[in-house]
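Read the structure below first, then the notes.
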Amino acid sequence: MILRVLLLVALISVTLARKAPNILILVADDMGYGDLGCYGNTTVRTPNMDSIAADGIKLTQHLTAASTCTPSRAALLTGRYPVRTGMAPQGIMRVNLWPYSRSGLPESEVTFAEITAQAGYRNGFIGKWHMGLHRDNDGDNKHHPLNQGFNYFYGLIGTNLDDFGHEYRVITMIRPHWYGQLISVWGVTTIALWCLMKFGYFRVTTFLALFLLWTAPIYFTYFLMDNMELFCSVLYRNYDLVEQPIRLAGLSQRFVHEGLEFMRNATDTGEPFLLVMSWVHMHVAIKTAKQFQGKSPLGRYGDGMEELDWSVGEIMKGLKDAGVEDNTLVYFTSDNGGHLELGTDGGYNGKLKGGKSHGAVDGGIRVPGMVKWPGHIRPGSVTDEPTFQMDVVPLISHVTGVALPTDRKYDGKNMMPLLTGEITQSPHEFMFHYCGNKLHAVRYRPGSGSRTWKYVTHEPQLLPGKSTCRFICSCTNAVTLTTPKLYDVTSDPGETSPIDAQSETYTDISELIQKAVIDHKSSLDPVESQFSWFKLLPQIRWQPCCNGSFPFNCDCQDPKFS
């Protein structure tokens, strides 16, 4: 009898041990490396986000695959460099700006949601998607989250934009420069056409036709860029448009409600769940509910941080209330660094150099990273070893027991042994940092010692005497260094003191890295770019209008929360 009891207890213990963990992924938008209390910020209150590090592990050298959101998020979802998936920008436009373009994450890519689906998970995505919608035709939804492994979606197909906040429109920051150039080109061309007509090269009717052909795109571009809210501010529940334009104030509370409801529905059925909470904070426009307005000494940005912290706290409380906290792996990060060009409305990257859009400097790609899994990760742990957001895909593969596809190369590594302390060194030897589709820097973690080296071949072209660009930095006009710079980012995280280029250390490490670059580039296969102008341009005929015929009366509010 005693033996039977012992066997039963053992069987129950094994069953519980093998129970699939829930997975909660929390992604902030444009949060700076130094924005959280656990990363050194003493001004803004972030106890709920800090608690994830206190109850788990803090990653001090956690890296994104890009310094802008669309390619960075594509890498997080797939575990692969954007240059492998077609999600690496190839020109000025470095994000999927319009929800109704052809650009998006290819169906052929396997997201972590498609991995967990194979293990019987219920997958939810709440918040900012930014991976596209339609591909070939209006309504095909080829890039929609529900066609990328998720069972439920509530959020933005595109992104939050500066112009959604009427009291401060960032488009006015770039209009004098961008529109000034546009109007200048228009004026010069018009004068040239007029002169050609006067000298008899063509008639007045031809001049008028050419003038209209040239003027129409100018006015269309102005209309498009000056009405981003009309074109881009849309909120979806699954395939249904439920709000237009988005009411940003109170949006965090709605995300929390949807996230908690999704968790309750999954736990009620006994299904393990994967839930991605992809917040719109801290991207501008920053709008908070009334209870958070004016609460922070850091103004609008600080108010947004405190609302985001509250939101994370509510979701974490929901895990506890559902009785699944101890069996849930929680991961927190940001899609890229803080946006320095926005001043007080942008994030704080601490001692790191640069910020969002700045290419390969660490201020744009080194972000908060925290992982909590009770019973597996020791509370209060810290690792200074370099890790990638792309490591999340192999990590999920490991904890769910679902093997990754073998028909493609994965750039992420399973970081679970590092998180649990089973190993103390990064699983990465070389890490490649891109700006768009151009390689700008390489990280090298030798197999011995504790140093991490960074070899930099390109730097952002900053405004004279400043540490910022006009609004965002461009990959196409980055400065190519005649002599690449080598930094010991372990002791010099701010990238301020390059190693002497004449030293033996520089020569030896440079040779190793250059060989690694050759090997890396040889592993890249040709892929269709999702950032061609053909794919990026908005398809006006696909533009929805919830209560009328576009562009008239396009105004509706989510009936669930109205």
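We name chains A, B, ... following the order of the structure tokens; residues begin at 1 in each chain, and ligands are numbered from 1 as shown.
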
*Which neighbours of A:Asn147 fall inside 12 Å, counting only C-alpha atoms, when residues of the same chain fewer than 2 positions from it are skipped, and could you give them as a ChimeraX atom specification?*
/A:104-111,113-114,117,123,125,131-135,140-145,149-153,238-239

*Pick out the residues sitting within 10 Å of stretch 30-33 of chain A, and hand them over as a ChimeraX atom specification; count only C-alpha atoms, and ignore anything fewer than 6 positions along from it in its own chain.*
/A:39-41,60-62,67-69,280-284,305,333-340,346-352,355-356,362-369

*asked:* So that I can see what lies close to stretch 493-500 of chain A, please list as a PyMOL selection string the residues with an atom at most 7 Å from it, counting only C-alpha atoms and leaving out residues fewer than 6 positions away in the same chain.
replied: chain A and resi 351-353+485-487+506

Could those residues be written to a file, using N, CA and C atoms, as a JSON list (two decimals), in the first residue's frame?
```json
[["chain", "number", "residue", "atom", "x", "y", "z"],
["A", 351, "LYS", "N", 24.21, 55.71, -20.03],
["A", 351, "LYS", "CA", 25.56, 56.05, -20.50],
["A", 351, "LYS", "C", 25.84, 55.52, -21.91],
["A", 352, "LEU", "N", 24.85, 54.90, -22.52],
["A", 352, "LEU", "CA", 25.06, 54.35, -23.86],
["A", 352, "LEU", "C", 25.07, 55.46, -24.92],
["A", 353, "LYS", "N", 25.78, 55.21, -25.97],
["A", 353, "LYS", "CA", 25.91, 56.16, -27.07],
["A", 353, "LYS", "C", 24.75, 56.01, -28.06],
["A", 485, "LYS", "N", 36.59, 51.18, -35.81],
["A", 485, "LYS", "CA", 36.91, 51.36, -34.40],
["A", 485, "LYS", "C", 36.61, 50.08, -33.63],
["A", 486, "LEU", "N", 37.44, 49.79, -32.65],
["A", 486, "LEU", "CA", 37.26, 48.62, -31.81],
["A", 486, "LEU", "C", 37.10, 49.07, -30.36],
["A", 487, "TYR", "N", 36.01, 48.64, -29.72],
["A", 487, "TYR", "CA", 35.73, 49.02, -28.34],
["A", 487, "TYR", "C", 35.67, 47.77, -27.45],
["A", 506, "TYR", "N", 44.13, 45.07, -31.43],
["A", 506, "TYR", "CA", 43.27, 45.52, -32.53],
["A", 506, "TYR", "C", 43.45, 44.63, -33.75]]
```

*Quick one: DSSP strand (DSSP E) residues in stretch 214-301 of chain A, as a ChimeraX atom specification?*
/A:235-237,240-243,273-278

I need the chosen residues saved as a PDB file, in the first residue's frame, with N, CA, C and O atoms.
```pdb
ATOM      1  N   LEU A 235      -7.773  50.456 -35.157  1.00  0.00           N
ATOM      2  CA  LEU A 235      -7.673  49.433 -34.117  1.00  0.00           C
ATOM      3  C   LEU A 235      -8.536  48.239 -34.517  1.00  0.00           C
ATOM      4  O   LEU A 235      -9.687  48.414 -34.921  1.00  0.00           O
ATOM      5  N   TYR A 236      -7.963  47.049 -34.390  1.00  0.00           N
ATOM      6  CA  TYR A 236      -8.653  45.836 -34.824  1.00  0.00           C
ATOM      7  C   TYR A 236      -8.874  44.863 -33.672  1.00  0.00           C
ATOM      8  O   TYR A 236      -8.073  44.788 -32.739  1.00  0.00           O
ATOM      9  N   ARG A 237      -9.965  44.124 -33.758  1.00  0.00           N
ATOM     10  CA  ARG A 237     -10.164  42.918 -32.957  1.00  0.00           C
ATOM     11  C   ARG A 237     -10.268  41.778 -33.949  1.00  0.00           C
ATOM     12  O   ARG A 237     -11.205  41.703 -34.737  1.00  0.00           O
ATOM     13  N   ASP A 240     -11.631  42.373 -37.539  1.00  0.00           N
ATOM     14  CA  ASP A 240     -12.622  43.451 -37.586  1.00  0.00           C
ATOM     15  C   ASP A 240     -12.041  44.792 -37.144  1.00  0.00           C
ATOM     16  O   ASP A 240     -11.426  44.893 -36.078  1.00  0.00           O
ATOM     17  N   LEU A 241     -12.287  45.805 -37.964  1.00  0.00           N
ATOM     18  CA  LEU A 241     -11.948  47.176 -37.588  1.00  0.00           C
ATOM     19  C   LEU A 241     -12.963  47.642 -36.554  1.00  0.00           C
ATOM     20  O   LEU A 241     -14.167  47.688 -36.834  1.00  0.00           O
ATOM     21  N   VAL A 242     -12.487  47.994 -35.345  1.00  0.00           N
ATOM     22  CA  VAL A 242     -13.425  48.354 -34.274  1.00  0.00           C
ATOM     23  C   VAL A 242     -13.277  49.797 -33.820  1.00  0.00           C
ATOM     24  O   VAL A 242     -14.160  50.312 -33.124  1.00  0.00           O
ATOM     25  N   GLU A 243     -12.193  50.457 -34.207  1.00  0.00           N
ATOM     26  CA  GLU A 243     -12.046  51.860 -33.776  1.00  0.00           C
ATOM     27  C   GLU A 243     -11.211  52.633 -34.783  1.00  0.00           C
ATOM     28  O   GLU A 243     -10.172  52.174 -35.253  1.00  0.00           O
ATOM     29  N   PHE A 273      -0.969  28.909 -22.360  1.00  0.00           N
ATOM     30  CA  PHE A 273      -1.116  30.055 -23.254  1.00  0.00           C
ATOM     31  C   PHE A 273       0.207  30.766 -23.487  1.00  0.00           C
ATOM     32  O   PHE A 273       1.121  30.747 -22.668  1.00  0.00           O
ATOM     33  N   LEU A 274       0.279  31.374 -24.651  1.00  0.00           N
ATOM     34  CA  LEU A 274       1.317  32.342 -24.999  1.00  0.00           C
ATOM     35  C   LEU A 274       0.601  33.666 -25.193  1.00  0.00           C
ATOM     36  O   LEU A 274      -0.320  33.763 -26.012  1.00  0.00           O
ATOM     37  N   LEU A 275       0.998  34.680 -24.441  1.00  0.00           N
ATOM     38  CA  LEU A 275       0.381  36.000 -24.566  1.00  0.00           C
ATOM     39  C   LEU A 275       1.462  37.044 -24.778  1.00  0.00           C
ATOM     40  O   LEU A 275       2.405  37.147 -23.987  1.00  0.00           O
ATOM     41  N   VAL A 276       1.333  37.787 -25.859  1.00  0.00           N
ATOM     42  CA  VAL A 276       2.224  38.915 -26.131  1.00  0.00           C
ATOM     43  C   VAL A 276       1.469  40.195 -25.815  1.00  0.00           C
ATOM     44  O   VAL A 276       0.420  40.469 -26.397  1.00  0.00           O
ATOM     45  N   MET A 277       2.002  40.968 -24.867  1.00  0.00           N
ATOM     46  CA  MET A 277       1.462  42.295 -24.570  1.00  0.00           C
ATOM     47  C   MET A 277       2.434  43.306 -25.169  1.00  0.00           C
ATOM     48  O   MET A 277       3.505  43.570 -24.625  1.00  0.00           O
ATOM     49  N   SER A 278       2.048  43.854 -26.305  1.00  0.00           N
ATOM     50  CA  SER A 278       2.928  44.742 -27.066  1.00  0.00           C
ATOM     51  C   SER A 278       2.421  46.176 -26.905  1.00  0.00           C
ATOM     52  O   SER A 278       1.590  46.657 -27.669  1.00  0.00           O
TER      53      SER A 278
END
```

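Distance-wise, atom CA of A:Thr64 and atom CA of A:Asp492 end up 19.1 Å apart.
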
Wanna dump the stretch 414-471 of chain A-stretch 381-399 of chain A contacts at 7 Å for me, each residue with its shortest atom pair and the distance in Å to one decimal, counting only C-alpha atoms, ordered by chain and number, as a Markdown table?
```
| residue | atom | partner | partner_atom | distance |
| --- | --- | --- | --- | --- |
| A:Asn414 | CA | A:Pro394 | CA | 4.8 |
| A:Met415 | CA | A:Leu395 | CA | 6.2 |
| A:Met416 | CA | A:Leu395 | CA | 6.2 |
| A:Gln425 | CA | A:Glu385 | CA | 6.3 |
| A:Ser426 | CA | A:Glu385 | CA | 5.3 |
```

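The neighbours of stretch 522-527 of chain A here are the residues that come within 10 Å of it, using only C-alpha atoms and leaving out any residue fewer than 5 positions away in the same chain; they are Tyr81, Val83, Arg84, Thr85, Gly86, Met87, Arg408, Lys409, Ala516 and Val517 of chain A.
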
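Picture a line from atom CA of A:Trp129 to atom CA of A:Ile157; it runs 5.2 Å.
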
Give the alpha helix (DSSP H) residues of stretch 320-444 of chain A, as DSSP finds them on the backbone, and put them as a PDB file with N, CA, C and O atoms, in the first residue's frame.
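Contents of the output file states-v9.pdb:
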```
ATOM      1  N   LYS A 320      -1.175  35.887 -10.960  1.00  0.00           N
ATOM      2  CA  LYS A 320      -1.308  35.393  -9.576  1.00  0.00           C
ATOM      3  C   LYS A 320      -2.765  35.036  -9.270  1.00  0.00           C
ATOM      4  O   LYS A 320      -3.050  33.983  -8.683  1.00  0.00           O
ATOM      5  N   ASP A 321      -3.687  35.905  -9.681  1.00  0.00           N
ATOM      6  CA  ASP A 321      -5.106  35.654  -9.414  1.00  0.00           C
ATOM      7  C   ASP A 321      -5.597  34.385 -10.111  1.00  0.00           C
ATOM      8  O   ASP A 321      -6.497  33.688  -9.609  1.00  0.00           O
ATOM      9  N   ASP A 362      25.115  51.405 -29.388  1.00  0.00           N
ATOM     10  CA  ASP A 362      24.372  50.622 -28.411  1.00  0.00           C
ATOM     11  C   ASP A 362      23.122  51.305 -27.858  1.00  0.00           C
ATOM     12  O   ASP A 362      22.199  50.638 -27.401  1.00  0.00           O
ATOM     13  N   GLY A 363      23.073  52.639 -27.911  1.00  0.00           N
ATOM     14  CA  GLY A 363      21.881  53.324 -27.411  1.00  0.00           C
ATOM     15  C   GLY A 363      20.629  52.997 -28.192  1.00  0.00           C
ATOM     16  O   GLY A 363      19.519  53.141 -27.687  1.00  0.00           O
ATOM     17  N   GLY A 364      20.803  52.525 -29.429  1.00  0.00           N
ATOM     18  CA  GLY A 364      19.647  52.166 -30.246  1.00  0.00           C
ATOM     19  C   GLY A 364      19.283  50.699 -30.184  1.00  0.00           C
ATOM     20  O   GLY A 364      18.148  50.326 -30.490  1.00  0.00           O
ATOM     21  N   ILE A 365      20.248  49.849 -29.785  1.00  0.00           N
ATOM     22  CA  ILE A 365      20.015  48.397 -29.866  1.00  0.00           C
ATOM     23  C   ILE A 365      20.187  47.664 -28.538  1.00  0.00           C
ATOM     24  O   ILE A 365      19.845  46.483 -28.441  1.00  0.00           O
ATOM     25  N   VAL A 392      14.872  34.416 -27.944  1.00  0.00           N
ATOM     26  CA  VAL A 392      13.567  34.037 -27.395  1.00  0.00           C
ATOM     27  C   VAL A 392      12.963  32.860 -28.158  1.00  0.00           C
ATOM     28  O   VAL A 392      12.330  31.985 -27.569  1.00  0.00           O
ATOM     29  N   VAL A 393      13.141  32.817 -29.479  1.00  0.00           N
ATOM     30  CA  VAL A 393      12.560  31.724 -30.262  1.00  0.00           C
ATOM     31  C   VAL A 393      13.157  30.370 -29.872  1.00  0.00           C
ATOM     32  O   VAL A 393      12.413  29.424 -29.573  1.00  0.00           O
ATOM     33  N   PRO A 394      14.485  30.214 -29.834  1.00  0.00           N
ATOM     34  CA  PRO A 394      15.036  28.935 -29.367  1.00  0.00           C
ATOM     35  C   PRO A 394      14.682  28.636 -27.910  1.00  0.00           C
ATOM     36  O   PRO A 394      14.522  27.470 -27.538  1.00  0.00           O
ATOM     37  N   LEU A 395      14.554  29.685 -27.095  1.00  0.00           N
ATOM     38  CA  LEU A 395      14.150  29.496 -25.699  1.00  0.00           C
ATOM     39  C   LEU A 395      12.748  28.889 -25.638  1.00  0.00           C
ATOM     40  O   LEU A 395      12.495  27.933 -24.882  1.00  0.00           O
ATOM     41  N   ILE A 396      11.826  29.430 -26.419  1.00  0.00           N
ATOM     42  CA  ILE A 396      10.459  28.912 -26.447  1.00  0.00           C
ATOM     43  C   ILE A 396      10.438  27.491 -27.000  1.00  0.00           C
ATOM     44  O   ILE A 396       9.712  26.621 -26.511  1.00  0.00           O
ATOM     45  N   SER A 397      11.235  27.246 -28.016  1.00  0.00           N
ATOM     46  CA  SER A 397      11.357  25.886 -28.550  1.00  0.00           C
ATOM     47  C   SER A 397      11.801  24.920 -27.456  1.00  0.00           C
ATOM     48  O   SER A 397      11.263  23.804 -27.338  1.00  0.00           O
ATOM     49  N   HIS A 398      12.733  25.363 -26.635  1.00  0.00           N
ATOM     50  CA  HIS A 398      13.270  24.515 -25.562  1.00  0.00           C
ATOM     51  C   HIS A 398      12.222  24.226 -24.491  1.00  0.00           C
ATOM     52  O   HIS A 398      12.017  23.064 -24.110  1.00  0.00           O
ATOM     53  N   VAL A 399      11.529  25.246 -24.027  1.00  0.00           N
ATOM     54  CA  VAL A 399      10.607  25.040 -22.898  1.00  0.00           C
ATOM     55  C   VAL A 399       9.323  24.332 -23.324  1.00  0.00           C
ATOM     56  O   VAL A 399       8.659  23.707 -22.498  1.00  0.00           O
ATOM     57  N   THR A 400       8.964  24.413 -24.614  1.00  0.00           N
ATOM     58  CA  THR A 400       7.753  23.732 -25.086  1.00  0.00           C
ATOM     59  C   THR A 400       8.052  22.347 -25.644  1.00  0.00           C
ATOM     60  O   THR A 400       7.126  21.557 -25.861  1.00  0.00           O
ATOM     61  N   MET A 416      18.461  29.590 -22.168  1.00  0.00           N
ATOM     62  CA  MET A 416      18.008  29.059 -20.892  1.00  0.00           C
ATOM     63  C   MET A 416      19.165  28.611 -19.992  1.00  0.00           C
ATOM     64  O   MET A 416      19.150  28.907 -18.782  1.00  0.00           O
ATOM     65  N   PRO A 417      20.186  27.897 -20.509  1.00  0.00           N
ATOM     66  CA  PRO A 417      21.308  27.522 -19.632  1.00  0.00           C
ATOM     67  C   PRO A 417      21.990  28.736 -18.991  1.00  0.00           C
ATOM     68  O   PRO A 417      22.438  28.668 -17.842  1.00  0.00           O
ATOM     69  N   LEU A 418      22.046  29.853 -19.714  1.00  0.00           N
ATOM     70  CA  LEU A 418      22.631  31.076 -19.160  1.00  0.00           C
ATOM     71  C   LEU A 418      21.705  31.663 -18.100  1.00  0.00           C
ATOM     72  O   LEU A 418      22.167  32.136 -17.043  1.00  0.00           O
ATOM     73  N   LEU A 419      20.411  31.636 -18.351  1.00  0.00           N
ATOM     74  CA  LEU A 419      19.448  32.206 -17.409  1.00  0.00           C
ATOM     75  C   LEU A 419      19.407  31.435 -16.095  1.00  0.00           C
ATOM     76  O   LEU A 419      19.211  32.014 -15.028  1.00  0.00           O
ATOM     77  N   THR A 420      19.581  30.135 -16.171  1.00  0.00           N
ATOM     78  CA  THR A 420      19.500  29.294 -14.965  1.00  0.00           C
ATOM     79  C   THR A 420      20.835  29.179 -14.241  1.00  0.00           C
ATOM     80  O   THR A 420      20.882  28.640 -13.133  1.00  0.00           O
TER      81      THR A 420
END
```

_Which residues are near A:Ala322? Cut-off 9 Å, only C-alpha atoms, ignore same chain within fewer than 5 positions. Put them as a PyMOL selection string._
chain A and resi 263-264+267-268+317
